[in-house]
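The file run.tsv comes next; it holds TSV, C-alpha atoms.
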```tsv
chain	number	residue	atom	x	y	z
M	1	MET	CA	40.29	11.94	2.67
M	2	SER	CA	36.77	13.08	3.53
M	3	PRO	CA	34.09	10.37	3.44
M	4	LEU	CA	32.40	12.50	0.78
M	5	ALA	CA	34.85	11.83	-2.03
M	6	PRO	CA	34.67	13.94	-5.22
M	7	VAL	CA	33.72	10.83	-7.19
M	8	LEU	CA	30.27	11.17	-5.60
M	9	ASN	CA	29.85	14.48	-7.34
M	10	GLN	CA	26.06	14.55	-7.69
M	11	THR	CA	25.55	13.36	-4.13
M	12	VAL	CA	28.05	15.89	-2.79
M	13	GLN	CA	26.39	18.75	-4.65
M	14	GLY	CA	22.94	17.66	-3.50
M	15	LYS	CA	24.02	17.61	0.15
M	16	ALA	CA	25.82	20.91	-0.24
M	17	TYR	CA	22.68	22.49	-1.69
M	18	GLU	CA	20.73	21.37	1.39
M	19	TYR	CA	23.31	23.20	3.50
M	20	ALA	CA	23.02	26.29	1.27
M	21	CYS	CA	19.25	26.35	1.77
M	22	VAL	CA	19.63	26.17	5.55
M	23	GLN	CA	22.13	29.03	5.48
M	24	SER	CA	19.84	31.12	3.27
M	25	ILE	CA	17.01	30.73	5.79
M	26	VAL	CA	19.34	31.85	8.56
M	27	GLU	CA	20.50	34.90	6.59
M	28	LEU	CA	16.97	35.97	5.62
M	29	VAL	CA	15.26	35.33	8.96
M	30	SER	CA	17.78	35.76	11.79
M	31	GLY	CA	17.41	39.55	11.71
M	32	ILE	CA	13.68	39.16	12.36
M	33	ARG	CA	13.41	36.30	14.83
M	34	ASN	CA	15.46	33.66	16.64
M	35	VAL	CA	16.73	30.84	14.42
M	36	ARG	CA	18.25	27.63	15.76
M	37	ILE	CA	19.93	24.98	13.62
M	38	ILE	CA	19.65	21.43	14.94
M	39	HIS	CA	23.14	19.90	14.90
M	40	ASN	CA	22.85	16.27	13.81
M	41	SER	CA	24.72	13.82	11.57
M	42	SER	CA	22.87	15.03	8.47
M	43	LEU	CA	24.03	18.58	9.07
M	44	VAL	CA	27.62	17.38	9.49
M	45	VAL	CA	27.49	15.52	6.16
M	46	ALA	CA	25.94	18.53	4.40
M	47	GLN	CA	28.55	20.90	5.80
M	48	GLN	CA	31.36	18.56	4.75
M	49	ALA	CA	29.88	18.48	1.25
M	50	TRP	CA	29.67	22.28	1.20
M	51	GLU	CA	33.32	22.58	2.17
M	52	LEU	CA	34.35	20.32	-0.73
M	53	LEU	CA	32.94	22.78	-3.29
M	54	GLY	CA	34.91	25.50	-4.98
M	55	GLU	CA	34.09	29.15	-4.29
M	56	GLU	CA	32.37	29.65	-7.66
M	57	LEU	CA	29.90	26.80	-7.11
M	58	GLN	CA	29.33	27.90	-3.52
M	59	GLU	CA	28.43	31.37	-4.75
M	60	THR	CA	26.06	29.91	-7.35
M	61	MET	CA	24.32	27.82	-4.69
M	62	LYS	CA	24.00	30.83	-2.39
M	63	LYS	CA	22.20	32.83	-5.09
M	64	SER	CA	20.03	29.90	-6.13
M	65	SER	CA	18.97	28.88	-2.62
M	66	ARG	CA	18.29	32.46	-1.60
M	67	ALA	CA	15.90	32.86	-4.56
M	68	GLY	CA	14.06	29.70	-3.55
M	69	ILE	CA	13.80	30.63	0.13
M	70	GLU	CA	12.60	34.16	-0.67
M	71	SER	CA	9.77	32.60	-2.70
M	72	LEU	CA	9.00	30.19	0.12
M	73	ILE	CA	8.70	33.00	2.69
M	74	GLN	CA	6.04	34.68	0.54
M	75	LEU	CA	3.90	31.56	0.93
M	76	GLU	CA	4.68	30.87	4.59
M	77	PRO	CA	4.44	34.00	6.80
M	78	LYS	CA	4.88	31.92	9.96
M	79	ILE	CA	8.59	31.70	9.06
M	80	ILE	CA	9.09	35.42	9.68
M	81	GLU	CA	6.34	36.03	12.21
M	82	ASP	CA	7.83	37.94	15.14
M	83	GLY	CA	7.81	35.90	18.32
M	84	ASN	CA	9.80	34.81	21.33
M	85	ASP	CA	10.06	31.20	20.23
M	86	ASP	CA	12.81	29.66	18.08
M	87	LEU	CA	12.49	28.84	14.41
M	88	GLU	CA	14.21	25.42	14.26
M	89	LEU	CA	15.95	24.18	11.13
M	90	SER	CA	16.77	20.49	10.77
M	91	LEU	CA	18.14	18.29	8.00
M	92	GLN	CA	16.51	14.87	7.80
M	93	GLU	CA	18.32	11.56	7.37
M	94	ASP	CA	18.09	9.95	3.92
M	95	ARG	CA	16.30	6.93	5.37
M	96	ARG	CA	13.24	9.09	6.04
M	97	GLY	CA	12.67	9.20	2.29
M	98	GLN	CA	12.44	5.41	2.28
M	99	GLU	CA	9.87	5.69	5.07
M	100	GLY	CA	7.56	7.95	3.07
M	101	ASP	CA	8.91	11.40	3.96
M	102	VAL	CA	10.70	13.06	1.03
M	103	ARG	CA	11.44	16.33	2.86
M	104	ASP	CA	15.13	17.23	3.25
M	105	VAL	CA	14.85	20.43	5.31
M	106	LEU	CA	12.38	20.84	8.16
M	107	ILE	CA	11.30	24.29	9.39
M	108	ILE	CA	9.69	24.03	12.83
M	109	ARG	CA	8.06	26.25	15.47
M	110	ARG	CA	7.31	23.98	18.39
M	111	SER	CA	5.46	26.62	20.44
M	112	ILE	CA	2.61	26.65	17.92
M	113	GLU	CA	3.02	23.00	16.82
M	114	TRP	CA	3.85	24.06	13.27
M	115	GLU	CA	6.16	22.36	10.81
M	116	ILE	CA	6.77	22.46	7.08
M	117	GLY	CA	9.33	20.65	4.95
M	118	VAL	CA	11.30	21.29	1.79
M	119	SER	CA	12.64	18.79	-0.72
M	120	VAL	CA	15.84	20.14	-2.26
M	121	LYS	CA	17.02	19.23	-5.77
M	122	HIS	CA	20.21	20.46	-7.43
M	123	ASN	CA	20.16	20.28	-11.25
M	124	HIS	CA	17.72	17.37	-11.35
M	125	SER	CA	14.08	16.74	-10.54
M	126	ALA	CA	13.84	12.97	-10.04
M	127	VAL	CA	11.35	12.02	-7.35
M	128	LYS	CA	12.66	8.49	-6.67
M	129	HIS	CA	15.46	6.11	-7.60
M	130	SER	CA	13.81	2.76	-6.94
M	131	ARG	CA	15.29	-0.67	-7.68
M	132	LEU	CA	14.02	-3.77	-9.44
M	133	SER	CA	15.54	-7.13	-8.51
M	134	PRO	CA	14.50	-10.81	-8.44
M	135	THR	CA	13.43	-10.43	-4.79
M	136	ILE	CA	12.05	-6.88	-4.59
M	137	ASP	CA	8.25	-6.86	-4.50
M	138	PHE	CA	7.60	-3.40	-5.93
M	139	GLY	CA	3.84	-3.83	-5.54
M	140	LYS	CA	4.13	-4.46	-1.81
M	141	GLU	CA	6.83	-1.83	-1.22
M	142	TRP	CA	5.24	0.92	-3.30
M	143	LEU	CA	1.53	0.22	-3.06
M	144	GLY	CA	0.96	-2.21	-0.20
M	145	LEU	CA	-0.30	-4.70	-2.82
M	146	PRO	CA	1.93	-7.76	-3.43
M	147	CYS	CA	3.10	-8.72	-6.91
M	148	SER	CA	1.94	-12.02	-8.36
M	149	GLN	CA	4.06	-15.15	-8.65
M	150	SER	CA	3.74	-14.89	-12.43
M	151	TYR	CA	5.61	-11.54	-12.29
M	152	PHE	CA	8.52	-13.09	-10.40
M	153	ASP	CA	8.52	-16.09	-12.74
M	154	GLU	CA	8.70	-13.74	-15.73
M	155	ILE	CA	11.65	-11.69	-14.46
M	156	LYS	CA	13.64	-14.61	-12.98
M	157	PRO	CA	15.48	-15.67	-16.20
M	158	ILE	CA	16.63	-12.09	-16.78
M	159	PHE	CA	18.25	-11.84	-13.37
M	160	VAL	CA	19.71	-15.36	-13.59
M	161	ARG	CA	21.62	-14.23	-16.66
M	162	LEU	CA	22.76	-11.04	-14.93
M	163	GLN	CA	23.95	-13.02	-11.92
M	164	GLU	CA	26.00	-15.28	-14.22
M	165	MET	CA	27.58	-12.24	-15.86
M	166	LYS	CA	28.28	-10.70	-12.46
M	167	SER	CA	30.05	-13.87	-11.32
M	168	ILE	CA	32.64	-13.47	-14.08
M	169	ASN	CA	33.06	-9.71	-13.47
M	170	LEU	CA	31.62	-8.46	-16.74
M	171	ARG	CA	30.82	-4.82	-17.37
M	172	TRP	CA	27.52	-3.52	-18.68
M	173	SER	CA	29.43	-2.26	-21.71
M	174	ASP	CA	30.30	-5.92	-22.51
M	175	MET	CA	26.59	-6.64	-22.99
M	176	ALA	CA	25.70	-5.55	-26.53
M	177	ASP	CA	22.04	-6.54	-26.28
M	178	LYS	CA	21.19	-5.16	-22.84
M	179	GLU	CA	18.18	-3.17	-24.10
M	180	GLN	CA	16.58	-6.14	-25.86
M	181	ALA	CA	17.67	-8.80	-23.36
M	182	VAL	CA	17.22	-6.90	-20.09
M	183	TYR	CA	15.59	-3.48	-20.23
M	184	ILE	CA	12.61	-4.21	-22.49
M	185	PRO	CA	11.64	-7.57	-20.91
M	186	LEU	CA	11.84	-6.03	-17.43
M	187	LEU	CA	9.81	-2.98	-18.43
M	188	SER	CA	7.23	-5.22	-20.11
M	189	ALA	CA	6.89	-7.36	-16.96
M	190	PHE	CA	6.70	-4.21	-14.82
M	191	MET	CA	3.92	-2.69	-16.94
M	192	SER	CA	1.93	-5.94	-17.07
M	193	GLU	CA	2.08	-6.30	-13.30
M	194	LEU	CA	1.13	-2.67	-12.69
M	195	VAL	CA	-1.88	-3.12	-14.97
M	196	ARG	CA	-2.87	-6.31	-13.11
M	197	LEU	CA	-2.57	-4.59	-9.73
M	198	THR	CA	-4.68	-1.70	-11.03
M	199	ASN	CA	-7.41	-3.96	-12.43
M	200	ASP	CA	-7.52	-6.12	-9.29
M	201	ASN	CA	-7.73	-3.07	-7.01
M	202	PRO	CA	-9.99	-0.49	-8.71
M	203	GLY	CA	-9.40	3.14	-7.78
M	204	ILE	CA	-6.52	2.39	-5.39
M	205	VAL	CA	-3.25	2.17	-7.31
M	206	PRO	CA	-2.92	5.72	-8.77
M	207	ALA	CA	-3.22	7.53	-5.43
M	208	ARG	CA	-0.99	5.02	-3.63
M	209	LEU	CA	1.65	5.32	-6.33
M	210	LEU	CA	1.70	9.12	-5.97
M	211	GLU	CA	1.86	8.78	-2.19
M	212	TYR	CA	4.88	6.47	-2.57
M	213	LEU	CA	6.60	8.91	-4.94
M	214	LEU	CA	5.74	12.11	-3.08
M	215	GLY	CA	5.51	10.90	0.50
M	216	ARG	CA	2.70	11.12	3.00
M	217	LYS	CA	3.42	14.68	4.09
M	218	ASP	CA	2.82	17.92	2.20
M	219	PHE	CA	6.02	19.68	1.13
M	220	TYR	CA	7.65	22.33	-0.97
M	221	LYS	CA	10.27	21.48	-3.57
M	222	ILE	CA	13.15	23.81	-4.44
M	223	ILE	CA	14.87	22.92	-7.72
M	224	SER	CA	18.03	24.71	-8.82
M	225	ASN	CA	18.86	25.00	-12.52
M	226	ASP	CA	22.40	26.33	-12.50
M	227	SER	CA	22.95	26.44	-16.26
M	228	SER	CA	19.86	28.60	-16.85
M	229	ARG	CA	20.34	30.47	-13.57
M	230	PHE	CA	16.86	30.09	-12.13
M	231	THR	CA	15.28	28.37	-9.14
M	232	THR	CA	11.83	26.77	-9.17
M	233	LEU	CA	9.60	26.47	-6.10
M	234	GLN	CA	6.78	23.92	-6.27
M	235	CYS	CA	4.07	23.37	-3.66
M	236	PHE	CA	2.75	19.84	-3.11
M	237	ASN	CA	-0.21	20.79	-0.92
M	238	LEU	CA	-1.95	17.43	-1.22
M	239	HIS	CA	-3.51	17.44	2.25
M	240	GLY	CA	-4.02	21.18	2.74
M	241	THR	CA	-1.41	21.72	5.46
M	242	LEU	CA	0.72	24.35	3.68
M	243	ASN	CA	0.33	28.07	2.90
M	244	MET	CA	-1.27	28.91	6.27
M	245	ALA	CA	-1.64	32.47	7.61
M	246	SER	CA	0.27	33.59	10.67
M	247	SER	CA	-1.47	35.31	13.58
M	248	THR	CA	-0.88	38.69	11.95
M	249	GLN	CA	-0.30	38.12	8.24
M	250	GLN	CA	-1.81	36.32	5.26
M	251	PRO	CA	0.46	34.65	2.68
M	252	SER	CA	1.45	36.97	-0.17
M	253	LEU	CA	0.22	34.30	-2.58
M	254	ARG	CA	-2.54	31.77	-2.07
M	255	VAL	CA	-1.99	28.14	-3.10
M	256	ARG	CA	-4.85	25.91	-4.19
M	257	GLY	CA	-5.23	22.32	-3.10
M	258	VAL	CA	-4.25	19.50	-5.44
M	259	GLU	CA	-6.38	16.48	-6.33
M	260	MET	CA	-4.79	13.04	-6.30
M	261	PRO	CA	-5.30	10.70	-9.29
M	262	SER	CA	-7.79	7.84	-9.29
M	263	LYS	CA	-7.55	6.48	-12.86
M	264	ILE	CA	-4.83	5.33	-15.22
M	265	TYR	CA	-5.38	6.51	-18.79
M	266	HIS	CA	-2.22	5.27	-20.48
M	267	LEU	CA	0.82	3.09	-19.70
M	268	ASP	CA	3.29	2.31	-22.49
M	269	TYR	CA	6.78	2.93	-23.77
M	270	LYS	CA	7.56	6.61	-24.03
M	271	ASP	CA	7.48	7.98	-27.55
M	272	VAL	CA	10.88	9.24	-28.68
M	273	ARG	CA	10.69	10.98	-32.07
M	274	GLY	CA	8.02	8.58	-33.30
M	275	ALA	CA	9.62	5.41	-31.94
M	276	PRO	CA	9.16	3.60	-28.61
M	277	SER	CA	11.89	4.22	-26.06
M	278	LEU	CA	14.14	1.28	-25.17
M	279	THR	CA	14.54	2.43	-21.57
M	280	THR	CA	11.51	4.47	-20.47
M	281	VAL	CA	7.80	3.91	-19.92
M	282	GLN	CA	5.22	6.65	-19.36
M	283	LEU	CA	2.21	6.53	-17.06
M	284	VAL	CA	-0.61	9.05	-17.63
M	285	MET	CA	-3.39	9.45	-15.03
M	286	ASP	CA	-6.35	11.71	-14.44
M	287	ASN	CA	-6.04	15.25	-13.02
M	288	ASN	CA	-3.06	15.74	-15.37
M	289	TRP	CA	-0.66	13.53	-13.38
M	290	ALA	CA	2.05	11.85	-15.46
M	291	VAL	CA	5.12	9.85	-14.46
M	292	THR	CA	8.04	8.35	-16.39
M	293	PHE	CA	10.10	5.35	-15.29
M	294	ARG	CA	13.56	5.18	-16.90
M	295	ILE	CA	15.42	1.95	-16.22
M	296	HIS	CA	19.20	1.99	-16.09
M	297	ASN	CA	22.22	0.20	-14.66
M	298	ALA	CA	23.49	2.10	-11.65
M	299	SER	CA	27.06	0.80	-11.81
M	300	THR	CA	29.84	0.02	-14.28
M	301	MET	CA	29.93	-3.68	-13.42
M	302	VAL	CA	26.96	-5.94	-14.07
M	303	GLU	CA	24.83	-6.63	-10.99
M	304	ALA	CA	21.58	-8.50	-10.44
M	305	SER	CA	19.44	-5.40	-9.97
M	306	LEU	CA	18.57	-2.26	-11.90
M	307	LYS	CA	17.40	1.20	-10.96
M	308	PHE	CA	14.50	3.36	-12.02
M	309	ASP	CA	14.93	7.10	-12.45
M	310	ILE	CA	11.34	8.18	-11.76
M	311	GLN	CA	10.30	11.63	-12.93
M	312	LEU	CA	7.07	13.53	-12.38
M	313	THR	CA	6.37	14.84	-15.88
M	314	GLY	CA	2.80	16.05	-15.44
M	315	VAL	CA	1.00	17.72	-12.52
M	316	PRO	CA	-2.45	19.28	-12.04
M	317	SER	CA	-2.85	22.76	-13.47
M	318	SER	CA	-3.81	23.93	-9.97
M	319	MET	CA	-0.38	23.09	-8.56
M	320	PHE	CA	1.68	26.16	-7.62
M	321	SER	CA	5.02	26.48	-9.39
M	322	ASN	CA	7.14	29.63	-9.56
M	323	SER	CA	10.55	30.07	-11.21
M	324	VAL	CA	12.83	32.95	-10.20
M	325	SER	CA	15.90	34.11	-12.14
M	326	TRP	CA	19.08	35.07	-10.31
```

Target encoding structure tokens, full file:
Amino acid sequence: MSPLAPVLNQTVQGKAYEYACVQSIVELVSGIRNVRIIHNSSLVVAQQAWELLGEELQETMKKSSRAGIESLIQLEPKIIEDGNDDLELSLQEDRRGQEGDVRDVLIIRRSIEWEIGVSVKHNHSAVKHSRLSPTIDFGKEWLGLPCSQSYFDEIKPIFVRLQEMKSINLRWSDMADKEQAVYIPLLSAFMSELVRLTNDNPGIVPARLLEYLLGRKDFYKIISNDSSRFTTLQCFNLHGTLNMASSTQQPSLRVRGVEMPSKIYHLDYKDVRGAPSLTTVQLVMDNNWAVTFRIHNASTMVEASLKFDIQLTGVPSSMFSNSVSW
């Protein structure tokens, strides 16, 4: 059996969509200029994932990725600029995301020292899936600012109980009070520590948090919505390195720069039909940035760690976003 088993359905589809995007670039550009795909382990995994899909889903991904790449080319004329050099396409390893680079697909022209990257999302738009555990210092890992001992003291009893349940092979479904006993106390400790870090380091935390979530390099994001049959292209031009003219052509559309946040306006449980959520907190910052953190168990069996599904729910009005039907 392939190492990409069907049980990893979301992962398989995500990798396959990366492959579809690479192929769409080849199809749209190879008639104009030389295109070279870098053959590495990430490409092998993506191709294997692609080959696991049925023809109907493959066709859907072809249409979706083509719509996204066509929008991208309008913003980046250097992709199709005629020249004797190669346009290189490379898929990055997943570990690069942990190192602050969220881009999945790199588009490179070495002769002019030019590179852009694309983050690819298939039927979801989460920016991170970060863990909380009794030993993970989220302040240090995310912000470069260590959490306090009081934070670790507060969360320790929660994880001691989870470790005890894990040792007797209990399932999360066996835990009737997981929201009240685990989720809410963890979220409360998380919010308190984030507020402390913010107060102790004025003006630093918001921008560092966004840099952790979005990476240190500018990028485009292509998001496929299969059920509604449209693809969204977003431009995270935080440092002004995207949307550059070629030697002969201006971009069809101009993208404005985006300001990072510097203040936190609101941090609390997300409102769900007038009641506080049992699983999700919402962070609202200046320049219209907003983030949600949804805590959840990432496995059937109880384990001594939990995951965040982190979504970017608000962005500056100046950020470019374009949705194309197909």

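Close contacts of segment 164-174 of chain M, defined as residues with an atom at most 10 Å away when counting only C-alpha atoms, with chain neighbours fewer than 4 positions off set aside, comprise Phe159, Val160, Lys178, Asn297, Ala298, Ser299, Thr300, Met301, Val302, Glu303 and Ala304 of chain M.
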
Could you give me the axis-aligned bounding box of segment 217-234 of chain M, with 4 Å of padding per side, as centre plus edge lengths in Å to one decimal, as JSON?
```
{"center_x": 12.9, "center_y": 22.6, "center_z": -6.4, "size_x": 28.1, "size_y": 23.8, "size_z": 28.9}
```

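Take the candidates M:Leu57, M:Leu91, M:Met175, M:Ile69 and check each one against Tyr19 of chain M using all atoms listed in the file; the shortest distance goes to M:Leu91.
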
Straight-line distance linking atom CA of Ile107 of chain M with atom CA of Val127 of chain M, stated in Å to one decimal: 20.8 Å

For Ser42 of chain M, the nearest of the candidates M:Tyr269, M:Gly83, M:Ala16, M:Arg294, counting all atoms listed in the file: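 The answer is M:Ala16, which sits nearest to Ser42 of chain M.
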
Could I get the residues of segment 119-184 of chain M with an atom no further than 7 Å from an atom of segment 216-225 of chain M, each paired with its nearest atom pair and that distance in Å to one decimal, using all atoms listed in the file, sorted by chain and residue number, as CSV?
```
residue,atom,partner,partner_atom,distance
M:Ser119,CA,M:Lys221,CA,4.6
M:Val120,CA,M:Ile222,CA,5.0
M:Lys121,CA,M:Ile223,CA,4.7
M:His122,CA,M:Ser224,CA,5.0
M:Asn123,CA,M:Asn225,CA,5.1
M:Ser125,CA,M:Ile223,CA,6.8
```

With C-alpha atoms retained, write the just-selected residues as a PDB file, in the frame of the given file.
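Okay, this is what ended up in again.pdb:
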```pdb
ATOM      1  CA  SER M 119      12.640  18.790  -0.720  1.00  0.00           C
ATOM      2  CA  VAL M 120      15.840  20.140  -2.260  1.00  0.00           C
ATOM      3  CA  LYS M 121      17.020  19.230  -5.770  1.00  0.00           C
ATOM      4  CA  HIS M 122      20.210  20.460  -7.430  1.00  0.00           C
ATOM      5  CA  ASN M 123      20.160  20.280 -11.250  1.00  0.00           C
ATOM      6  CA  SER M 125      14.080  16.740 -10.540  1.00  0.00           C
TER       7      SER M 125
END
```

Point-to-point distance from atom CA of Thr231 of chain M to atom CA of Ser65 of chain M, Å rounded to tenths: 7.5 Å

Can you sort out segment 213-241 of chain M so it carries N, CA and C atoms, written as a PDB file, in the frame of the given file?
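Saved file part27.pdb follows:
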```
ATOM      1  N   LEU M 213       5.626   8.032  -4.274  1.00  0.00           N
ATOM      2  CA  LEU M 213       6.600   8.910  -4.940  1.00  0.00           C
ATOM      3  C   LEU M 213       6.788  10.229  -4.195  1.00  0.00           C
ATOM      4  N   LEU M 214       5.701  10.768  -3.666  1.00  0.00           N
ATOM      5  CA  LEU M 214       5.740  12.110  -3.080  1.00  0.00           C
ATOM      6  C   LEU M 214       5.733  12.112  -1.558  1.00  0.00           C
ATOM      7  N   GLY M 215       5.542  10.952  -0.952  1.00  0.00           N
ATOM      8  CA  GLY M 215       5.510  10.900   0.500  1.00  0.00           C
ATOM      9  C   GLY M 215       4.118  11.163   1.050  1.00  0.00           C
ATOM     10  N   ARG M 216       3.995  10.970   2.348  1.00  0.00           N
ATOM     11  CA  ARG M 216       2.700  11.120   3.000  1.00  0.00           C
ATOM     12  C   ARG M 216       2.509  12.491   3.635  1.00  0.00           C
ATOM     13  N   LYS M 217       3.508  13.354   3.494  1.00  0.00           N
ATOM     14  CA  LYS M 217       3.420  14.680   4.090  1.00  0.00           C
ATOM     15  C   LYS M 217       3.516  15.745   2.999  1.00  0.00           C
ATOM     16  N   ASP M 218       2.726  16.799   3.135  1.00  0.00           N
ATOM     17  CA  ASP M 218       2.820  17.920   2.200  1.00  0.00           C
ATOM     18  C   ASP M 218       4.224  18.521   2.261  1.00  0.00           C
ATOM     19  N   PHE M 219       4.668  19.112   1.150  1.00  0.00           N
ATOM     20  CA  PHE M 219       6.020  19.680   1.130  1.00  0.00           C
ATOM     21  C   PHE M 219       6.176  20.665  -0.014  1.00  0.00           C
ATOM     22  N   TYR M 220       7.187  21.481   0.114  1.00  0.00           N
ATOM     23  CA  TYR M 220       7.650  22.330  -0.970  1.00  0.00           C
ATOM     24  C   TYR M 220       8.863  21.671  -1.617  1.00  0.00           C
ATOM     25  N   LYS M 221       9.071  21.971  -2.887  1.00  0.00           N
ATOM     26  CA  LYS M 221      10.270  21.480  -3.570  1.00  0.00           C
ATOM     27  C   LYS M 221      11.002  22.674  -4.175  1.00  0.00           C
ATOM     28  N   ILE M 222      12.281  22.783  -3.855  1.00  0.00           N
ATOM     29  CA  ILE M 222      13.150  23.810  -4.440  1.00  0.00           C
ATOM     30  C   ILE M 222      14.092  23.117  -5.407  1.00  0.00           C
ATOM     31  N   ILE M 223      14.050  23.526  -6.673  1.00  0.00           N
ATOM     32  CA  ILE M 223      14.870  22.920  -7.720  1.00  0.00           C
ATOM     33  C   ILE M 223      15.773  23.986  -8.326  1.00  0.00           C
ATOM     34  N   SER M 224      17.080  23.766  -8.244  1.00  0.00           N
ATOM     35  CA  SER M 224      18.030  24.710  -8.820  1.00  0.00           C
ATOM     36  C   SER M 224      18.406  24.284 -10.237  1.00  0.00           C
ATOM     37  N   ASN M 225      18.367  25.223 -11.169  1.00  0.00           N
ATOM     38  CA  ASN M 225      18.860  25.000 -12.520  1.00  0.00           C
ATOM     39  C   ASN M 225      20.020  25.947 -12.746  1.00  0.00           C
ATOM     40  N   ASP M 226      21.215  25.460 -12.472  1.00  0.00           N
ATOM     41  CA  ASP M 226      22.400  26.330 -12.500  1.00  0.00           C
ATOM     42  C   ASP M 226      22.703  26.868 -13.893  1.00  0.00           C
ATOM     43  N   SER M 227      22.558  26.013 -14.913  1.00  0.00           N
ATOM     44  CA  SER M 227      22.950  26.440 -16.260  1.00  0.00           C
ATOM     45  C   SER M 227      22.069  27.578 -16.773  1.00  0.00           C
ATOM     46  N   SER M 228      20.776  27.546 -16.425  1.00  0.00           N
ATOM     47  CA  SER M 228      19.860  28.600 -16.850  1.00  0.00           C
ATOM     48  C   SER M 228      19.696  29.689 -15.797  1.00  0.00           C
ATOM     49  N   ARG M 229      20.319  29.495 -14.643  1.00  0.00           N
ATOM     50  CA  ARG M 229      20.340  30.470 -13.570  1.00  0.00           C
ATOM     51  C   ARG M 229      18.925  30.860 -13.103  1.00  0.00           C
ATOM     52  N   PHE M 230      18.146  29.829 -12.770  1.00  0.00           N
ATOM     53  CA  PHE M 230      16.860  30.090 -12.130  1.00  0.00           C
ATOM     54  C   PHE M 230      16.554  28.986 -11.128  1.00  0.00           C
ATOM     55  N   THR M 231      15.710  29.311 -10.174  1.00  0.00           N
ATOM     56  CA  THR M 231      15.280  28.370  -9.140  1.00  0.00           C
ATOM     57  C   THR M 231      13.759  28.252  -9.193  1.00  0.00           C
ATOM     58  N   THR M 232      13.270  27.019  -9.133  1.00  0.00           N
ATOM     59  CA  THR M 232      11.830  26.770  -9.170  1.00  0.00           C
ATOM     60  C   THR M 232      11.356  26.311  -7.793  1.00  0.00           C
ATOM     61  N   LEU M 233      10.253  26.905  -7.335  1.00  0.00           N
ATOM     62  CA  LEU M 233       9.600  26.470  -6.100  1.00  0.00           C
ATOM     63  C   LEU M 233       8.254  25.858  -6.478  1.00  0.00           C
ATOM     64  N   GLN M 234       8.040  24.603  -6.063  1.00  0.00           N
ATOM     65  CA  GLN M 234       6.780  23.920  -6.270  1.00  0.00           C
ATOM     66  C   GLN M 234       6.128  23.625  -4.924  1.00  0.00           C
ATOM     67  N   CYS M 235       4.806  23.609  -4.902  1.00  0.00           N
ATOM     68  CA  CYS M 235       4.070  23.370  -3.660  1.00  0.00           C
ATOM     69  C   CYS M 235       3.186  22.135  -3.813  1.00  0.00           C
ATOM     70  N   PHE M 236       3.527  21.077  -3.080  1.00  0.00           N
ATOM     71  CA  PHE M 236       2.750  19.840  -3.110  1.00  0.00           C
ATOM     72  C   PHE M 236       1.821  19.847  -1.890  1.00  0.00           C
ATOM     73  N   ASN M 237       0.734  20.592  -2.022  1.00  0.00           N
ATOM     74  CA  ASN M 237      -0.210  20.790  -0.920  1.00  0.00           C
ATOM     75  C   ASN M 237      -1.354  19.782  -1.050  1.00  0.00           C
ATOM     76  N   LEU M 238      -1.002  18.500  -0.945  1.00  0.00           N
ATOM     77  CA  LEU M 238      -1.950  17.430  -1.220  1.00  0.00           C
ATOM     78  C   LEU M 238      -2.977  17.246  -0.112  1.00  0.00           C
ATOM     79  N   HIS M 239      -2.620  17.635   1.104  1.00  0.00           N
ATOM     80  CA  HIS M 239      -3.510  17.440   2.250  1.00  0.00           C
ATOM     81  C   HIS M 239      -3.932  18.763   2.898  1.00  0.00           C
ATOM     82  N   GLY M 240      -3.573  19.880   2.265  1.00  0.00           N
ATOM     83  CA  GLY M 240      -4.020  21.180   2.740  1.00  0.00           C
ATOM     84  C   GLY M 240      -3.347  21.706   3.986  1.00  0.00           C
ATOM     85  N   THR M 241      -2.097  21.292   4.238  1.00  0.00           N
ATOM     86  CA  THR M 241      -1.410  21.720   5.460  1.00  0.00           C
ATOM     87  C   THR M 241      -0.418  22.859   5.232  1.00  0.00           C
TER      88      THR M 241
END
```
